[in-house]
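Shown here: start-v5.cif, mmCIF, C-alpha atoms (C1' of nucleotides).
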```cif
data_protein
loop_
_atom_site.label_atom_id
_atom_site.label_comp_id
_atom_site.auth_asym_id
_atom_site.auth_seq_id
_atom_site.Cartn_x
_atom_site.Cartn_y
_atom_site.Cartn_z
CA MET A 83 50.81 64.51 -1.39
CA PRO A 84 48.77 61.34 -1.53
CA LYS A 85 45.98 60.52 -3.96
CA THR A 86 43.22 63.11 -3.62
CA GLU A 87 39.63 62.04 -3.28
CA LYS A 88 37.47 63.71 -5.89
CA PRO A 89 34.50 65.21 -4.09
CA LEU A 90 31.67 63.62 -6.17
CA SER A 91 29.08 66.16 -7.27
CA GLU A 92 25.55 66.36 -5.94
CA THR A 93 24.13 64.83 -9.12
CA ALA A 94 26.73 62.08 -9.25
CA SER A 95 25.96 61.01 -5.72
CA ARG A 96 22.22 61.05 -6.37
CA ILE A 97 22.84 58.84 -9.40
CA LEU A 98 24.77 56.45 -7.18
CA ASP A 99 22.03 56.51 -4.55
CA VAL A 100 19.34 55.48 -7.01
CA ALA A 101 21.52 52.97 -8.84
CA GLU A 102 22.56 51.39 -5.56
CA ARG A 103 19.00 50.90 -4.44
CA MET A 104 18.02 49.33 -7.75
CA ALA A 105 21.09 47.10 -7.83
CA ARG A 106 20.50 45.95 -4.27
CA GLN A 107 16.96 44.98 -5.21
CA GLY A 108 17.58 43.09 -8.41
CA GLY A 109 21.26 43.01 -9.30
CA TYR A 110 23.47 44.44 -12.00
CA TYR A 111 20.88 44.14 -14.77
CA ALA A 112 18.14 45.71 -12.67
CA PHE A 113 19.34 49.29 -12.97
CA SER A 114 19.36 51.25 -16.21
CA PHE A 115 20.45 54.73 -17.20
CA ARG A 116 16.91 55.48 -18.29
CA ASP A 117 15.27 54.48 -15.01
CA ILE A 118 17.84 56.25 -12.89
CA ALA A 119 17.52 59.43 -14.95
CA ALA A 120 13.72 59.37 -14.78
CA GLU A 121 13.80 59.04 -11.01
CA ILE A 122 16.11 61.95 -10.38
CA GLY A 123 14.58 64.14 -13.08
CA ILE A 124 17.32 64.38 -15.69
CA LYS A 125 17.91 62.78 -19.09
CA SER A 126 19.74 59.49 -19.44
CA ALA A 127 22.43 61.12 -21.59
CA SER A 128 23.37 63.31 -18.65
CA ILE A 129 24.34 60.30 -16.59
CA HIS A 130 27.04 59.50 -19.12
CA TYR A 131 28.63 62.84 -18.30
CA HIS A 132 29.18 61.66 -14.72
CA PHE A 133 29.76 57.97 -15.44
CA PRO A 134 30.80 57.31 -19.04
CA THR A 135 29.69 53.67 -19.10
CA LYS A 136 27.56 51.32 -17.06
CA GLU A 137 30.71 49.47 -16.14
CA ALA A 138 32.17 52.67 -14.66
CA LEU A 139 28.96 53.33 -12.77
CA GLY A 140 28.95 49.79 -11.42
CA GLU A 141 32.54 50.16 -10.31
CA ALA A 142 31.84 53.45 -8.55
CA LEU A 143 28.85 51.81 -6.91
CA VAL A 144 30.87 49.01 -5.38
CA THR A 145 33.75 51.27 -4.41
CA ARG A 146 31.53 53.69 -2.53
CA TYR A 147 29.59 50.85 -0.91
CA THR A 148 32.74 49.10 0.27
CA ASP A 149 34.31 52.26 1.70
CA ARG A 150 31.13 53.19 3.51
CA PHE A 151 30.55 49.70 4.82
CA LEU A 152 34.02 49.27 6.26
CA GLY A 153 34.15 52.88 7.35
CA ALA A 154 31.02 52.41 9.44
CA LEU A 155 32.72 49.69 11.46
CA GLY A 156 34.42 50.97 14.58
CA ARG A 157 38.12 50.84 15.26
CA LEU A 158 39.33 47.42 16.27
CA ASP A 159 41.56 48.70 19.05
CA GLU A 160 38.64 50.31 20.86
CA ALA A 161 36.38 47.28 21.24
CA THR A 162 36.49 43.70 22.45
CA PRO A 163 36.22 40.97 19.80
CA LEU A 164 32.67 40.25 20.93
CA GLU A 165 31.70 43.90 20.58
CA SER A 166 33.30 44.08 17.14
CA LEU A 167 31.40 41.02 15.97
CA GLU A 168 28.13 42.32 17.35
CA GLN A 169 28.72 45.54 15.49
CA TYR A 170 29.49 43.63 12.30
CA VAL A 171 26.26 41.66 12.51
CA ALA A 172 24.38 44.89 13.25
CA ALA A 173 25.72 46.43 10.04
CA TYR A 174 24.07 43.68 8.00
CA ARG A 175 20.90 43.79 10.05
CA GLN A 176 20.58 47.51 9.44
CA ALA A 177 21.01 47.10 5.68
CA LEU A 178 18.35 44.42 5.62
CA ILE A 179 15.80 45.66 8.13
CA GLU A 180 16.01 49.44 7.90
CA GLN A 181 16.69 49.74 4.20
CA ASP A 182 14.91 46.56 3.14
CA LEU A 183 17.75 45.88 0.72
CA MET A 184 20.18 43.12 -0.03
CA CYS A 185 23.90 43.66 0.50
CA LEU A 186 25.21 45.10 -2.78
CA CYS A 187 28.20 42.80 -2.83
CA GLY A 188 26.22 39.74 -1.80
CA MET A 189 24.07 40.48 -4.84
CA PHE A 190 26.99 41.12 -7.18
CA GLY A 191 28.83 38.16 -5.69
CA ALA A 192 26.02 35.88 -6.78
CA GLU A 193 26.12 37.33 -10.29
CA ILE A 194 29.88 37.56 -10.47
CA ALA A 195 30.25 35.22 -13.43
CA ARG A 196 28.33 37.67 -15.65
CA LEU A 197 29.69 40.95 -14.30
CA PRO A 198 32.09 43.22 -16.22
CA ASP A 199 35.62 42.53 -15.03
CA PRO A 200 36.21 45.83 -13.19
CA VAL A 201 32.96 45.43 -11.26
CA ALA A 202 33.80 41.84 -10.40
CA ARG A 203 37.23 42.92 -9.22
CA ARG A 204 35.78 45.57 -6.91
CA THR A 205 33.30 43.05 -5.57
CA ARG A 206 36.12 40.70 -4.71
CA GLU A 207 37.88 43.56 -2.94
CA PHE A 208 34.84 44.03 -0.72
CA PHE A 209 35.06 40.45 0.45
CA GLU A 210 38.83 40.55 0.78
CA ARG A 211 38.73 43.60 3.00
CA ASN A 212 35.88 42.17 5.08
CA LEU A 213 37.77 38.91 5.53
CA VAL A 214 40.82 40.82 6.71
CA TRP A 215 38.78 42.82 9.20
CA LEU A 216 37.10 39.72 10.60
CA GLU A 217 40.29 37.69 10.71
CA THR A 218 41.81 40.43 12.84
CA VAL A 219 38.89 40.15 15.23
CA PHE A 220 39.13 36.38 15.49
CA ARG A 221 42.90 36.48 15.84
CA ALA A 222 42.55 38.96 18.69
CA ALA A 223 40.11 36.54 20.30
CA GLY A 224 42.65 33.74 20.02
CA ALA A 225 40.61 31.66 17.59
CA ALA A 226 42.28 28.55 16.25
CA ASN A 227 41.32 29.17 12.63
CA PRO A 228 40.61 32.86 12.04
CA GLU A 229 40.28 32.52 8.26
CA ALA A 230 37.57 29.87 8.51
CA ARG A 231 35.73 31.81 11.23
CA ALA A 232 35.83 34.98 9.14
CA GLY A 233 34.51 33.19 6.06
CA GLU A 234 31.77 31.50 8.06
CA THR A 235 30.67 34.83 9.46
CA ILE A 236 30.35 36.52 6.07
CA ALA A 237 28.72 33.46 4.53
CA ARG A 238 26.11 33.16 7.23
CA LEU A 239 25.23 36.86 7.12
CA GLU A 240 24.94 37.07 3.33
CA GLY A 241 23.00 33.82 3.24
CA ALA A 242 20.71 34.91 6.05
CA MET A 243 19.82 38.05 4.10
CA ILE A 244 18.87 36.00 1.06
CA LEU A 245 16.90 33.54 3.13
CA ALA A 246 14.99 36.16 5.10
CA ARG A 247 14.15 38.13 1.97
CA SER A 248 13.07 35.00 0.11
CA MET A 249 10.81 33.93 2.94
CA ASN A 250 9.59 37.50 3.32
CA ASP A 251 10.29 37.13 7.03
CA MET A 252 12.89 39.65 8.13
CA ASP A 253 12.81 38.38 11.67
CA LEU A 254 14.20 35.12 10.35
CA PHE A 255 17.47 37.01 9.86
CA GLN A 256 17.54 37.73 13.58
CA ARG A 257 16.80 34.14 14.54
CA VAL A 258 19.48 32.84 12.19
CA THR A 259 22.17 35.28 13.27
CA ALA A 260 21.27 35.96 16.91
CA ASP A 261 23.92 33.69 18.39
CA LEU A 262 26.51 34.28 15.70
CA PRO A 263 28.97 36.44 17.67
CA ALA A 264 29.05 34.25 20.76
CA GLN A 265 29.04 31.02 18.80
CA ALA A 266 31.79 32.03 16.40
CA LEU A 267 34.05 33.05 19.29
CA ARG A 268 33.37 29.78 21.08
CA GLU A 269 34.67 27.67 18.19
CA MET B 156 -6.11 9.01 -10.32
CA PRO B 157 -3.72 11.65 -9.03
CA LYS B 158 -2.26 14.52 -10.97
CA THR B 159 -0.23 13.19 -13.88
CA GLU B 160 3.25 14.48 -14.54
CA LYS B 161 3.59 15.70 -18.10
CA PRO B 162 6.71 14.09 -19.50
CA LEU B 163 8.52 17.23 -20.76
CA SER B 164 9.70 16.88 -24.36
CA GLU B 165 13.32 16.55 -25.40
CA THR B 166 13.40 20.14 -26.64
CA ALA B 167 11.69 21.53 -23.55
CA SER B 168 14.20 19.89 -21.28
CA ARG B 169 17.12 21.12 -23.35
CA ILE B 170 15.69 24.64 -23.10
CA LEU B 171 15.55 24.25 -19.34
CA ASP B 172 19.10 22.92 -19.23
CA VAL B 173 20.52 25.93 -21.04
CA ALA B 174 18.33 28.46 -19.22
CA GLU B 175 19.27 26.96 -15.87
CA ARG B 176 22.97 27.24 -16.56
CA MET B 177 22.63 30.87 -17.67
CA ALA B 178 20.41 31.76 -14.71
CA ARG B 179 22.81 30.13 -12.28
CA GLN B 180 25.63 32.21 -13.71
CA GLY B 181 24.00 35.62 -13.80
CA GLY B 182 20.44 35.52 -12.52
CA TYR B 183 16.99 36.00 -13.98
CA TYR B 184 18.02 38.72 -16.41
CA ALA B 185 21.02 36.77 -17.66
CA PHE B 186 19.07 34.32 -19.82
CA SER B 187 17.17 35.32 -22.92
CA PHE B 188 15.02 33.45 -25.41
CA ARG B 189 17.40 34.46 -28.15
CA ASP B 190 20.54 33.17 -26.47
CA ILE B 191 18.93 29.92 -25.40
CA ALA B 192 17.58 29.32 -28.91
CA ALA B 193 20.94 30.05 -30.52
CA GLU B 194 22.67 27.58 -28.25
CA ILE B 195 20.35 24.68 -28.93
CA GLY B 196 19.97 25.48 -32.63
CA ILE B 197 16.35 26.60 -32.93
CA LYS B 198 14.64 29.98 -33.32
CA SER B 199 13.60 32.01 -30.31
CA ALA B 200 9.95 31.89 -31.39
CA SER B 201 10.02 28.12 -30.96
CA ILE B 202 10.77 28.46 -27.27
CA HIS B 203 7.45 30.25 -26.83
CA TYR B 204 5.75 27.09 -28.03
CA HIS B 205 7.16 25.18 -25.05
CA PHE B 206 7.11 28.03 -22.53
CA PRO B 207 4.67 30.81 -23.47
CA THR B 208 6.38 33.53 -21.42
CA LYS B 209 9.67 34.11 -19.65
CA GLU B 210 7.77 34.02 -16.40
CA ALA B 211 6.52 30.51 -17.23
CA LEU B 212 10.02 29.42 -18.17
CA GLY B 213 11.38 30.81 -14.92
CA GLU B 214 8.73 29.01 -12.95
CA ALA B 215 9.47 25.71 -14.69
CA LEU B 216 13.13 26.29 -14.01
CA VAL B 217 12.69 26.66 -10.27
CA THR B 218 10.18 23.82 -10.04
CA ARG B 219 12.45 21.33 -11.77
CA TYR B 220 15.46 22.52 -9.77
CA THR B 221 13.66 22.19 -6.46
CA ASP B 222 12.30 18.72 -7.21
CA ARG B 223 15.68 17.47 -8.36
CA PHE B 224 17.52 19.02 -5.43
CA LEU B 225 15.28 17.56 -2.77
CA GLY B 226 14.90 14.32 -4.69
CA ALA B 227 18.66 13.82 -4.65
CA LEU B 228 18.70 13.88 -0.85
CA GLY B 229 18.42 10.46 0.71
CA ARG B 230 15.57 9.26 2.88
CA LEU B 231 15.72 10.60 6.39
CA ASP B 232 14.81 7.29 8.01
CA GLU B 233 17.82 5.57 6.48
CA ALA B 234 20.57 7.82 7.80
CA THR B 235 21.80 9.35 11.03
CA PRO B 236 21.38 13.13 11.42
CA LEU B 237 25.12 13.57 10.90
CA GLU B 238 25.03 11.55 7.68
CA SER B 239 22.03 13.52 6.45
CA LEU B 240 23.76 16.83 7.11
CA GLU B 241 26.93 15.66 5.41
CA GLN B 242 24.88 14.68 2.42
CA TYR B 243 23.16 18.05 2.40
CA VAL B 244 26.47 19.92 2.42
CA ALA B 245 27.75 17.62 -0.32
CA ALA B 246 24.79 18.57 -2.51
CA TYR B 247 25.84 22.21 -2.43
CA ARG B 248 29.49 21.36 -2.86
CA GLN B 249 28.70 19.35 -5.97
CA ALA B 250 26.68 22.20 -7.50
CA LEU B 251 29.53 24.62 -6.86
CA ILE B 252 32.62 22.54 -7.57
CA GLU B 253 31.54 20.11 -10.26
CA GLN B 254 29.17 22.39 -12.15
CA ASP B 255 30.91 25.67 -11.27
CA LEU B 256 27.49 27.22 -10.81
CA MET B 257 25.62 29.12 -8.13
CA CYS B 258 22.55 27.57 -6.50
CA LEU B 259 19.60 28.63 -8.70
CA CYS B 260 17.48 29.60 -5.72
CA GLY B 261 20.31 31.34 -3.92
CA MET B 262 20.62 33.45 -7.04
CA PHE B 263 16.89 34.06 -7.41
CA GLY B 264 16.61 34.60 -3.67
CA ALA B 265 19.04 37.52 -3.92
CA GLU B 266 17.02 39.00 -6.80
CA ILE B 267 13.65 38.17 -5.31
CA ALA B 268 12.44 41.77 -5.08
CA ARG B 269 12.57 42.10 -8.88
CA LEU B 270 11.31 38.65 -9.84
CA PRO B 271 7.88 37.98 -11.38
CA ASP B 272 5.53 36.83 -8.63
CA PRO B 273 5.17 33.20 -9.72
CA VAL B 274 8.94 32.79 -9.90
CA ALA B 275 9.38 34.42 -6.50
CA ARG B 276 6.73 32.11 -5.06
CA ARG B 277 8.49 29.00 -6.38
CA THR B 278 11.78 30.28 -5.02
CA ARG B 279 10.24 30.65 -1.60
CA GLU B 280 8.92 27.10 -1.87
CA PHE B 281 12.47 25.87 -2.42
CA PHE B 282 13.58 27.40 0.85
CA GLU B 283 10.46 26.30 2.70
CA ARG B 284 10.93 22.68 1.67
CA ASN B 285 14.63 22.80 2.49
CA LEU B 286 13.90 24.27 5.91
CA VAL B 287 11.41 21.51 6.60
CA TRP B 288 13.89 18.83 5.58
CA LEU B 289 16.64 20.28 7.76
CA GLU B 290 14.35 20.90 10.72
CA THR B 291 13.45 17.23 10.63
CA VAL B 292 17.14 16.33 10.77
CA PHE B 293 17.84 18.65 13.69
CA ARG B 294 14.73 17.54 15.53
CA ALA B 295 15.82 13.92 15.16
CA ALA B 296 19.17 14.94 16.62
CA GLY B 297 17.42 16.49 19.62
CA ALA B 298 18.51 20.04 18.83
CA ALA B 299 17.12 22.75 21.08
CA ASN B 300 16.15 25.09 18.25
CA PRO B 301 15.71 23.15 15.00
CA GLU B 302 14.35 26.13 13.06
CA ALA B 303 17.35 28.32 13.81
CA ARG B 304 19.77 25.47 13.07
CA ALA B 305 18.06 24.79 9.75
CA GLY B 306 18.16 28.45 8.75
CA GLU B 307 21.80 28.75 9.77
CA THR B 308 22.69 25.75 7.65
CA ILE B 309 21.07 27.07 4.49
CA ALA B 310 22.41 30.58 5.08
CA ARG B 311 25.96 29.42 5.53
CA LEU B 312 25.88 27.19 2.46
CA GLU B 313 24.35 29.79 0.15
CA GLY B 314 26.66 32.46 1.51
CA ALA B 315 29.70 30.21 1.19
CA MET B 316 28.91 29.66 -2.49
CA ILE B 317 28.77 33.40 -3.09
CA LEU B 318 31.94 34.01 -1.15
CA ALA B 319 33.93 31.25 -2.84
CA ARG B 320 32.81 32.32 -6.31
CA SER B 321 33.54 35.97 -5.56
CA MET B 322 37.02 35.17 -4.34
CA ASN B 323 37.49 32.73 -7.22
CA ASP B 324 38.67 30.23 -4.65
CA MET B 325 36.41 27.21 -4.65
CA ASP B 326 38.38 25.56 -1.88
CA LEU B 327 37.26 28.40 0.36
CA PHE B 328 33.82 26.79 0.26
CA GLN B 329 35.30 23.66 1.79
CA ARG B 330 37.14 25.54 4.50
CA VAL B 331 34.03 27.53 5.40
CA THR B 332 31.67 24.54 5.48
CA ALA B 333 33.99 21.70 6.55
CA ASP B 334 32.87 21.63 10.16
CA LEU B 335 29.25 22.59 9.48
CA PRO B 336 27.57 19.22 10.15
CA ALA B 337 29.40 18.50 13.41
CA GLN B 338 29.20 22.08 14.63
CA ALA B 339 25.50 22.50 13.89
CA LEU B 340 24.66 19.30 15.76
CA ARG B 341 26.77 20.38 18.72
CA GLU B 342 24.75 23.57 19.25
"C1'" DG C 208 -5.01 2.49 -50.68
"C1'" DA C 209 -5.79 7.14 -50.86
"C1'" DT C 210 -7.67 11.32 -48.78
"C1'" DT C 211 -8.82 14.32 -45.27
"C1'" DC C 212 -8.09 16.24 -40.87
"C1'" DC C 213 -5.69 17.43 -36.82
"C1'" DC C 214 -1.90 17.82 -33.70
"C1'" DT C 215 2.91 18.84 -32.91
"C1'" DA C 216 6.72 21.49 -33.71
"C1'" DT C 217 9.09 24.41 -36.08
"C1'" DC C 218 9.84 28.34 -39.13
"C1'" DT C 219 9.82 33.49 -41.16
"C1'" DA C 220 8.81 37.98 -40.34
"C1'" DC C 221 7.39 41.26 -37.60
"C1'" DT C 222 6.17 44.62 -33.42
"C1'" DG C 223 6.93 47.91 -29.74
"C1'" DA C 224 9.70 48.62 -25.87
"C1'" DT C 225 14.02 49.14 -23.87
"C1'" DA C 226 19.03 48.86 -23.58
"C1'" DG C 227 23.69 51.45 -23.49
"C1'" DG C 228 25.96 54.83 -25.91
"C1'" DT C 229 27.19 59.13 -29.02
"C1'" DA C 230 27.27 63.80 -31.34
"C1'" DG C 231 26.59 68.15 -30.98
"C1'" DA C 232 23.90 72.17 -29.42
"C1'" DT C 233 22.87 75.01 -25.37
"C1'" DA C 234 22.97 77.36 -21.00
"C1'" DT C 235 25.33 78.99 -16.97
"C1'" DA C 236 28.89 80.57 -14.10
"C1'" DT C 237 33.51 81.82 -13.20
"C1'" DA D 206 36.89 82.33 -22.94
"C1'" DT D 207 36.62 78.23 -20.66
"C1'" DA D 208 34.85 74.51 -17.95
"C1'" DT D 209 30.77 72.39 -16.14
"C1'" DA D 210 26.58 70.31 -16.79
"C1'" DT D 211 22.70 69.58 -19.10
"C1'" DC D 212 19.85 69.06 -23.16
"C1'" DT D 213 17.79 67.14 -27.92
"C1'" DA D 214 18.04 63.82 -31.18
"C1'" DC D 215 19.70 59.95 -32.71
"C1'" DC D 216 22.04 55.14 -33.25
"C1'" DT D 217 22.33 50.14 -33.13
"C1'" DA D 218 21.43 46.13 -30.56
"C1'" DT D 219 18.58 43.41 -27.89
"C1'" DC D 220 14.46 42.21 -25.48
"C1'" DA D 221 9.91 39.36 -24.96
"C1'" DG D 222 6.21 38.35 -27.52
"C1'" DT D 223 2.81 37.58 -31.75
"C1'" DA D 224 0.80 36.19 -36.29
"C1'" DG D 225 0.65 33.19 -39.55
"C1'" DA D 226 2.82 29.91 -42.82
"C1'" DT D 227 4.85 25.34 -43.27
"C1'" DA D 228 6.01 20.56 -42.74
"C1'" DG D 229 5.42 15.95 -40.94
"C1'" DG D 230 3.03 12.26 -38.77
"C1'" DG D 231 -0.82 9.61 -37.35
"C1'" DA D 232 -5.55 8.38 -37.24
"C1'" DA D 233 -9.98 8.30 -38.98
"C1'" DT D 234 -12.85 8.33 -43.11
"C1'" DC D 235 -13.98 7.24 -47.78
#
```
Kindly present the structure from the file in structure tokens form.
Amino acid sequence: MPKTEKPLSETASRILDVAERMARQGGYYAFSFRDIAAEIGIKSASIHYHFPTKEALGEALVTRYTDRFLGALGRLDEATPLESLEQYVAAYRQALIEQDLMCLCGMFGAEIARLPDPVARRTREFFERNLVWLETVFRAAGAANPEARAGETIARLEGAMILARSMNDMDLFQRVTADLPAQALRE
Amino acid sequence: MPKTEKPLSETASRILDVAERMARQGGYYAFSFRDIAAEIGIKSASIHYHFPTKEALGEALVTRYTDRFLGALGRLDEATPLESLEQYVAAYRQALIEQDLMCLCGMFGAEIARLPDPVARRTREFFERNLVWLETVFRAAGAANPEARAGETIARLEGAMILARSMNDMDLFQRVTADLPAQALRE
DNA sequence: GATTCCCTATCTACTGATAGGTAGATATAT
DNA sequence: ATATATCTACCTATCAGTAGATAGGGAATC
């Protein structure tokens, strides 16, 4: 029997929800046990029952985010490379426009030099797994340099989120990423 | 007589040096008066003499960074668009590779939702001025959509810094941005 | 030449708020 | 009875910021 997923209690997942939102607004130092507890109506000590340390909470945050993010992408054998890329761009657009939040791992990636090791490691895993997914797409499309194309795609999307949020002009994200799928496949 | 630049004392500029390095490693919440003071051998209260609040220090940080960054770029009338773009990419590469630091405004841009207003405003100015500079380059090159090209360029460079640092593979920055100048001008 | 005054820059000593984390009591449900 | 989940009450460390003393250097005044 393979490794069993622990089901994650109602409270634990509400803690993660609030922490994720705070982290995606201001980074690893922008969420605190106190603030999370206040928002969901418990005491900060109770959070330690679910996540013993901030490091553990941060790790759980990135793990859940990564699994959800990649899980939301469709199966590669059921779409053309162009469709897959369009879906990938749409995943970022949704995070930015609908939730008005930064990508958690774009945020943590910027702060990586000051992150606890386990959190930094999980953040790297997010990018590794995304690179693999994208490289598969570009390889299927017959791209000459799938690794570079994959990196360019992630870089442009993460950067476009930062730029659009900084300029307080969410439509700038659209203008900067509109031709990404077609252009990347043309290279 | 136009507005005079105040010369910025030796101590004040050392404070900015240390704060900038810390901010570029971990963001706005990763530098503290105490840590800065300890590193340059004064007491934290003395920093308040030079910068009354953290907000003021943050603002000075972004202002100096922006002026230096744009000041280091050559004059647009003395270079071809391709040369200008290569120089622009090199400016980011230097910050990442030689200093092993994130772009200050890429960092603050990610955190912008939790930044004090004056710091957020200065961060936006950085991107505004960079967009203007790049749009000029792309317009000189006869690009069809200079605004989109300029945004793409910044996005890819900021994102590539995050990606390379997250993967702890600085050469990934090179691979992801190597063809940026030529490719952007081809669009 | 000495004295007074002011400006610069630093210090000591402190405040109140907030941080993550811990010990141990308590309540509930199986 | 035990496991789950929360609580109260506390700890130590750190945070930005303030008040007020101190020291040194000019420059003006006597």
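Comparing the minimum interatomic distances between A:Arg221 and each of A:Ser248, A:Thr162, A:Thr259, A:Gln176, counting only C-alpha atoms, we find that A:Thr162 sits nearest.
Residues with any atom within 9 Å of stretch 210-221 of chain C, counting only C-alpha atoms (C1' of nucleotides) and excluding same-chain neighbours fewer than 3 positions away, are Ile197, Lys198, Ala200, Ser201 and Tyr204 of chain B; DT223, DA224, DA226, DT227, DA228, DG229, DG230, DA233, DT234 and DC235 of chain D.
Residue nearest B:Leu286 within the list A:Arg238, A:Leu152, A:Gly108, A:Met249: A:Met249 [criterion: smallest interatomic distance, all atoms listed in the file].
All chain B residues having an atom within 6 Å of chain A, based on all atoms listed in the file, amount to Gln180, Gly181, Met262, Gly264, Ala265, Glu266, Ala268, Arg269, Arg279, Ala303, Gly306, Glu307, Ala310, Arg311, Glu313, Gly314, Ala315, Ile317, Ser321, Met322, Arg330 and Val331 of chain B.
Put simply, the PyMOL selection byres ((chain C and resi 223) around 12) on this file hits DC221, DT222, DA224 and DT225 of chain C; DC220, DA221, DG222 and DT223 of chain D.
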From the list A:Ser114, A:Ser91, A:Thr218, A:Gln181, the nearest residue to A:Thr135 using only C-alpha atoms is A:Ser114
What are the centre and the three edge lengths of an axis-aligned box that wraps all atoms of stretch 230-234 of chain C in the file, given that 5 Å is added to every side, written as JSON and rounded to one decimal in Å?
```
{"center_x": 25.1, "center_y": 70.6, "center_z": -26.2, "size_x": 14.4, "size_y": 23.6, "size_z": 20.3}
```
When you get a sec, could you note down which chain D residues fall within 8 Å of chain A, using all atoms listed in the file, as a list in words? DA210, DT211 and DC212 of chain D
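As for atom CA of A:Arg103 and atom CA of A:Glu141, they are spaced 14.8 Å apart.
When atom CA of B:Leu289 is paired with atom CA of A:Leu167, their separation reads 26.7 Å.
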